[in-house]
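Student: Provided herewith is a single structure, encoded as structure tokens, for subsequent inquiry.
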Amino acid sequence: MRKNHIFDFNLTMDKRIDFVKLVVSFILVISVLFLFGCTGPPVTPSLKPASPIPLPSIHYTIQVGAFSNMDNAVRFTEKLRNQDVNAYHFLHHSGLYKVRFGNFSSREAAVDRAKALYSKGIIHDFYIVTPNQCPRDNLKDKIIRTADSFIGVPYRWGGESAEEGFDCSGFTMTVYQLNGLELPRSSRAQWRAGSFVNKSELEKGNLVFFRTTASSRISHVGIYDGDGQFIHAPGKGKRVRRSSLNSRYYKAHYAGARTYF
């Protein structure tokens, strides 16, 4: 009689163990299905460019001075900046360096500003440049043509901080301004103003940015020209040139790209 009780007890324990194993197995299966079967493996979202916020258009601009020597254009540009006039210089197709500033909603407003500066002796002869009427669809090619015209020019922005990269960003700003778009002045402000672009999706006219100093800040910028090439002012007083994104130096310091249209 005692043996039967022992047998029954062992049988009951075996059933309990089997039941526990069954429950554990069931929980494991449900967990696996929940994590992978239903939801699928985790998906890393692709970084796609946000819809770019268009830059403000340049309306009426004041043009002053025509210099055969770039240094004279730089000095005059700096003189205007010291008067809180956000001026920039560029090489005109005539071969002369010219200076422009301002973004006025009407011709009358531009003339009034020019006359006020004239009366103070800050400027002399001036010319009002009318808005660029070309559609924005053509901007990419126009920006490249303008940037191309600067190649070989010893571009020099002026006495601004080299840490801010004003030579390079002054170049990109000037190219955009000449094509009717009000791009910010510093490389960091230009970086913040644009919308992200994947390196594999770069288009002509996009700006490409680099971190070339010991800090992690943006310090250099150029204009993408297609086929892995970009146009830029590489340093203070150096000539504007075309370089490769795939070169060892620029590949190592590449920070990203931005679009504005």
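Naming scheme: A, B, ... for chains in displayed order of the structure tokens; residues 1 onward per chain; ligands 1 onward as shown.
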For Arg241 (chain A), find every residue with an atom within 7 Å (counting only C-alpha atoms), except residues of its own chain fewer than 5 positions away, and show them as an mmCIF file with N, CA and C atoms, in the first residue's frame.
Tutor:
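See around27.cif below for the written result:
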```
data_model
loop_
_atom_site.group_PDB
_atom_site.id
_atom_site.type_symbol
_atom_site.label_atom_id
_atom_site.label_comp_id
_atom_site.auth_asym_id
_atom_site.auth_seq_id
_atom_site.Cartn_x
_atom_site.Cartn_y
_atom_site.Cartn_z
ATOM 1 N N ILE A 151 36.657 80.977 -60.676
ATOM 2 C CA ILE A 151 37.814 80.085 -60.600
ATOM 3 C C ILE A 151 39.076 80.813 -61.072
ATOM 4 N N GLY A 152 40.115 80.737 -60.243
ATOM 5 C CA GLY A 152 41.358 81.438 -60.545
ATOM 6 C C GLY A 152 41.458 82.806 -59.916
ATOM 7 N N ILE A 231 33.332 73.717 -55.864
ATOM 8 C CA ILE A 231 34.058 74.962 -56.101
ATOM 9 C C ILE A 231 34.089 75.742 -54.793
ATOM 10 N N HIS A 232 35.264 76.266 -54.446
ATOM 11 C CA HIS A 232 35.373 76.928 -53.146
ATOM 12 C C HIS A 232 36.554 77.883 -53.118
ATOM 13 N N ALA A 233 36.527 78.778 -52.118
ATOM 14 C CA ALA A 233 37.665 79.638 -51.802
ATOM 15 C C ALA A 233 38.397 78.953 -50.655
#
```
Student: With a distance cut-off of 8 Å and only C-alpha atoms, select the neighbouring residues of region 94-105 of chain A, excluding the residue or stretch itself and same-chain residues fewer than 5 positions from it, and output the selection as a list in words.
Tutor: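 Counting only the stated atoms, we get Ile58, His59, Tyr60, Thr61, Ile62, Gln63, Val64, Gly65, Ala66, Phe67, Ser68, Asn69, Met70, Ala73, Thr77, Val85, Asn86, Ala87, Tyr88, His89 and Ala110 of chain A.
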Student: Let me see the file: selected residues, C-alpha atoms, as a JSON list (two decimals), in the first residue's frame.
Tutor:
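The new file selection.json reads:
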```
[["chain", "number", "residue", "atom", "x", "y", "z"],
["A", 58, "ILE", "CA", 17.04, 89.52, -53.53],
["A", 59, "HIS", "CA", 14.97, 92.44, -54.76],
["A", 60, "TYR", "CA", 16.60, 95.81, -55.46],
["A", 61, "THR", "CA", 20.31, 96.15, -54.70],
["A", 62, "ILE", "CA", 22.72, 99.10, -54.65],
["A", 63, "GLN", "CA", 25.91, 98.74, -56.66],
["A", 64, "VAL", "CA", 28.83, 101.09, -56.00],
["A", 65, "GLY", "CA", 32.39, 101.30, -57.20],
["A", 66, "ALA", "CA", 34.28, 99.68, -60.04],
["A", 67, "PHE", "CA", 37.85, 98.68, -59.26],
["A", 68, "SER", "CA", 40.57, 97.17, -61.41],
["A", 69, "ASN", "CA", 42.41, 96.04, -58.29],
["A", 70, "MET", "CA", 40.78, 93.56, -55.90],
["A", 73, "ALA", "CA", 37.40, 96.57, -53.72],
["A", 77, "THR", "CA", 33.77, 96.72, -48.88],
["A", 85, "VAL", "CA", 26.33, 98.06, -44.48],
["A", 86, "ASN", "CA", 26.39, 94.34, -45.38],
["A", 87, "ALA", "CA", 28.37, 94.76, -48.60],
["A", 88, "TYR", "CA", 30.11, 92.18, -50.78],
["A", 89, "HIS", "CA", 32.46, 92.42, -53.78],
["A", 110, "ALA", "CA", 16.98, 101.54, -52.56]]
```
Student: So which bits of region 193-246 of chain A end up strand (DSSP E) when you DSSP the backbone, as a PyMOL selection string?
Tutor: chain A and resi 195-197+207-210+220-226+229-232+241-244
Student: For the selection you just gave me, I'd like the residues written to a file as an mmCIF file, in the first residue's frame, keeping N, CA and C atoms.
Tutor:
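out.cif written:
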```cif
data_model
loop_
_atom_site.group_PDB
_atom_site.id
_atom_site.type_symbol
_atom_site.label_atom_id
_atom_site.label_comp_id
_atom_site.auth_asym_id
_atom_site.auth_seq_id
_atom_site.Cartn_x
_atom_site.Cartn_y
_atom_site.Cartn_z
ATOM 1 N N SER A 195 18.625 72.684 -45.653
ATOM 2 C CA SER A 195 18.013 71.399 -45.328
ATOM 3 C C SER A 195 18.965 70.275 -45.706
ATOM 4 N N PHE A 196 18.975 69.220 -44.889
ATOM 5 C CA PHE A 196 19.915 68.104 -45.041
ATOM 6 C C PHE A 196 19.815 67.434 -46.415
ATOM 7 N N VAL A 197 20.975 67.070 -46.959
ATOM 8 C CA VAL A 197 21.045 66.314 -48.208
ATOM 9 C C VAL A 197 22.018 65.156 -48.017
ATOM 10 N N LEU A 207 25.277 73.226 -51.182
ATOM 11 C CA LEU A 207 26.493 73.592 -50.467
ATOM 12 C C LEU A 207 27.014 72.394 -49.694
ATOM 13 N N VAL A 208 28.326 72.197 -49.720
ATOM 14 C CA VAL A 208 28.976 71.113 -48.976
ATOM 15 C C VAL A 208 29.839 71.741 -47.880
ATOM 16 N N PHE A 209 29.796 71.145 -46.686
ATOM 17 C CA PHE A 209 30.420 71.740 -45.507
ATOM 18 C C PHE A 209 31.482 70.812 -44.918
ATOM 19 N N PHE A 210 32.444 71.449 -44.233
ATOM 20 C CA PHE A 210 33.578 70.714 -43.671
ATOM 21 C C PHE A 210 33.921 71.255 -42.285
ATOM 22 N N HIS A 220 34.259 75.424 -43.041
ATOM 23 C CA HIS A 220 34.536 75.602 -44.473
ATOM 24 C C HIS A 220 33.314 75.174 -45.280
ATOM 25 N N VAL A 221 33.133 75.818 -46.432
ATOM 26 C CA VAL A 221 31.975 75.525 -47.274
ATOM 27 C C VAL A 221 32.339 75.745 -48.737
ATOM 28 N N GLY A 222 31.707 74.953 -49.613
ATOM 29 C CA GLY A 222 31.892 75.115 -51.045
ATOM 30 C C GLY A 222 30.591 74.802 -51.778
ATOM 31 N N ILE A 223 30.610 74.967 -53.087
ATOM 32 C CA ILE A 223 29.424 74.752 -53.920
ATOM 33 C C ILE A 223 29.611 73.485 -54.743
ATOM 34 N N TYR A 224 28.713 72.527 -54.569
ATOM 35 C CA TYR A 224 28.832 71.249 -55.281
ATOM 36 C C TYR A 224 28.629 71.453 -56.775
ATOM 37 N N ASP A 225 29.526 70.821 -57.556
ATOM 38 C CA ASP A 225 29.546 71.033 -59.001
ATOM 39 C C ASP A 225 29.227 69.764 -59.786
ATOM 40 N N GLY A 226 28.906 68.667 -59.083
ATOM 41 C CA GLY A 226 28.620 67.408 -59.760
ATOM 42 C C GLY A 226 29.869 66.546 -59.884
ATOM 43 N N GLN A 229 32.809 66.828 -57.387
ATOM 44 C CA GLN A 229 33.620 68.039 -57.376
ATOM 45 C C GLN A 229 32.869 69.194 -56.707
ATOM 46 N N PHE A 230 33.623 70.120 -56.126
ATOM 47 C CA PHE A 230 33.007 71.331 -55.583
ATOM 48 C C PHE A 230 33.925 72.522 -55.805
ATOM 49 N N ILE A 231 33.332 73.717 -55.864
ATOM 50 C CA ILE A 231 34.058 74.962 -56.101
ATOM 51 C C ILE A 231 34.089 75.742 -54.793
ATOM 52 N N HIS A 232 35.264 76.266 -54.446
ATOM 53 C CA HIS A 232 35.373 76.928 -53.146
ATOM 54 C C HIS A 232 36.554 77.883 -53.118
ATOM 55 N N ARG A 241 39.001 77.635 -56.505
ATOM 56 C CA ARG A 241 39.376 76.447 -57.275
ATOM 57 C C ARG A 241 38.307 75.366 -57.178
ATOM 58 N N ARG A 242 38.492 74.342 -57.974
ATOM 59 C CA ARG A 242 37.630 73.159 -57.937
ATOM 60 C C ARG A 242 38.412 72.036 -57.260
ATOM 61 N N SER A 243 37.775 71.359 -56.301
ATOM 62 C CA SER A 243 38.420 70.263 -55.582
ATOM 63 C C SER A 243 37.499 69.052 -55.558
ATOM 64 N N SER A 244 38.052 67.910 -55.131
ATOM 65 C CA SER A 244 37.295 66.662 -55.093
ATOM 66 C C SER A 244 36.869 66.320 -53.671
#
```
Student: Measure the distance from CA of Asn206 (chain A) to CA of His93 (chain A) in Å and round it to one decimal.
Tutor: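 It comes out at 23.6 Å.
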Student: CA of Lys140 (chain A) and CA of Pro154 (chain A) are how many Å apart?
Tutor: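 Going from CA of Lys140 (chain A) over to CA of Pro154 (chain A) covers 23.7 Å.
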Student: Have a look at A:Lys199, A:Tyr254, A:Tyr249, A:Ala193 and name the one nearest to Pro54 (chain A); count only C-alpha atoms.
Tutor: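 Nearest candidate to Pro54 (chain A) out of A:Lys199, A:Tyr254, A:Tyr249, A:Ala193: A:Ala193.
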Student: With only C-alpha atoms as the basis for distance, which of A:Glu78, A:Glu201, A:Asp167, A:Asp84 is at the shortest distance from Pro234 (chain A)?
Tutor: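 Of the candidates, the smallest distance to Pro234 (chain A) is held by A:Asp167.
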Student: CA of Ser187 (chain A) to CA of Ser215 (chain A): how many Å, to one decimal?
Tutor: 14.2 Å
Student: Compare A:Asn72, A:Thr130, A:Asn179, A:Ser119 by their minimum atom-to-atom distance to Trp157 (chain A), counting only C-alpha atoms, and give me the closest one.
Tutor: A:Asn72
Student: As JSON, numbers by chain, please: every residue in region 99-248 of chain A that DSSP puts in helix (DSSP H, G or I).
Tutor: {"A": [107, 108, 109, 110, 111, 112, 113, 114, 115, 116, 117, 118, 119, 136, 137, 138, 139, 140, 141, 142, 143, 144, 145, 146, 147, 148, 149, 162, 163, 164, 166, 167, 168, 169, 170, 171, 172, 173, 174, 175, 176, 177, 178, 187, 188, 189, 190, 191, 192, 193, 199, 200, 201, 248]}
Student: Can I get the selection written as an mmCIF file, in the first residue's frame, with C-alpha atoms?
Tutor:
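File part.cif, as written:
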```cif
data_model
loop_
_atom_site.group_PDB
_atom_site.id
_atom_site.type_symbol
_atom_site.label_atom_id
_atom_site.label_comp_id
_atom_site.auth_asym_id
_atom_site.auth_seq_id
_atom_site.Cartn_x
_atom_site.Cartn_y
_atom_site.Cartn_z
ATOM 1 C CA ARG A 107 13.455 100.850 -56.208
ATOM 2 C CA GLU A 108 12.411 103.918 -54.252
ATOM 3 C CA ALA A 109 13.641 102.407 -50.973
ATOM 4 C CA ALA A 110 16.985 101.544 -52.559
ATOM 5 C CA VAL A 111 17.395 105.051 -53.973
ATOM 6 C CA ASP A 112 16.557 106.626 -50.595
ATOM 7 C CA ARG A 113 19.182 104.495 -48.841
ATOM 8 C CA ALA A 114 21.796 105.272 -51.496
ATOM 9 C CA LYS A 115 21.111 109.003 -51.272
ATOM 10 C CA ALA A 116 21.424 108.907 -47.482
ATOM 11 C CA LEU A 117 24.857 107.254 -47.726
ATOM 12 C CA TYR A 118 25.840 109.631 -50.530
ATOM 13 C CA SER A 119 24.981 112.668 -48.398
ATOM 14 C CA ARG A 136 14.229 79.476 -59.846
ATOM 15 C CA ASP A 137 14.143 76.300 -61.941
ATOM 16 C CA ASN A 138 17.306 77.504 -63.666
ATOM 17 C CA LEU A 139 19.116 78.402 -60.474
ATOM 18 C CA LYS A 140 21.287 75.305 -60.160
ATOM 19 C CA ASP A 141 22.965 75.806 -63.526
ATOM 20 C CA LYS A 142 23.197 79.572 -63.032
ATOM 21 C CA ILE A 143 24.840 79.160 -59.633
ATOM 22 C CA ILE A 144 27.441 76.817 -61.124
ATOM 23 C CA ARG A 145 28.129 79.185 -64.022
ATOM 24 C CA THR A 146 28.603 82.062 -61.586
ATOM 25 C CA ALA A 147 30.862 80.018 -59.304
ATOM 26 C CA ASP A 148 32.813 78.847 -62.351
ATOM 27 C CA SER A 149 33.493 82.462 -63.339
ATOM 28 C CA ALA A 162 39.271 83.096 -40.192
ATOM 29 C CA GLU A 163 37.655 80.846 -37.548
ATOM 30 C CA GLU A 164 34.237 81.704 -38.999
ATOM 31 C CA PHE A 166 34.365 84.138 -44.011
ATOM 32 C CA ASP A 167 36.495 83.833 -47.141
ATOM 33 C CA CYS A 168 34.797 80.593 -48.159
ATOM 34 C CA SER A 169 31.318 81.581 -46.970
ATOM 35 C CA GLY A 170 31.744 85.073 -48.419
ATOM 36 C CA PHE A 171 32.319 83.385 -51.752
ATOM 37 C CA THR A 172 29.243 81.136 -51.507
ATOM 38 C CA MET A 173 27.117 84.039 -50.245
ATOM 39 C CA THR A 174 28.237 86.237 -53.145
ATOM 40 C CA VAL A 175 27.467 83.542 -55.731
ATOM 41 C CA TYR A 176 23.987 83.051 -54.283
ATOM 42 C CA GLN A 177 23.377 86.812 -53.950
ATOM 43 C CA LEU A 178 24.322 87.346 -57.585
ATOM 44 C CA SER A 187 29.534 79.152 -42.938
ATOM 45 C CA ARG A 188 27.780 78.159 -39.692
ATOM 46 C CA ALA A 189 24.739 80.307 -40.449
ATOM 47 C CA GLN A 190 24.598 78.825 -43.951
ATOM 48 C CA TRP A 191 24.734 75.321 -42.438
ATOM 49 C CA ARG A 192 21.826 76.111 -40.112
ATOM 50 C CA ALA A 193 19.733 77.737 -42.866
ATOM 51 C CA LYS A 199 25.954 62.695 -49.863
ATOM 52 C CA SER A 200 24.674 60.159 -52.399
ATOM 53 C CA GLU A 201 21.913 62.577 -53.450
ATOM 54 C CA ARG A 248 41.927 62.327 -48.646
#
```
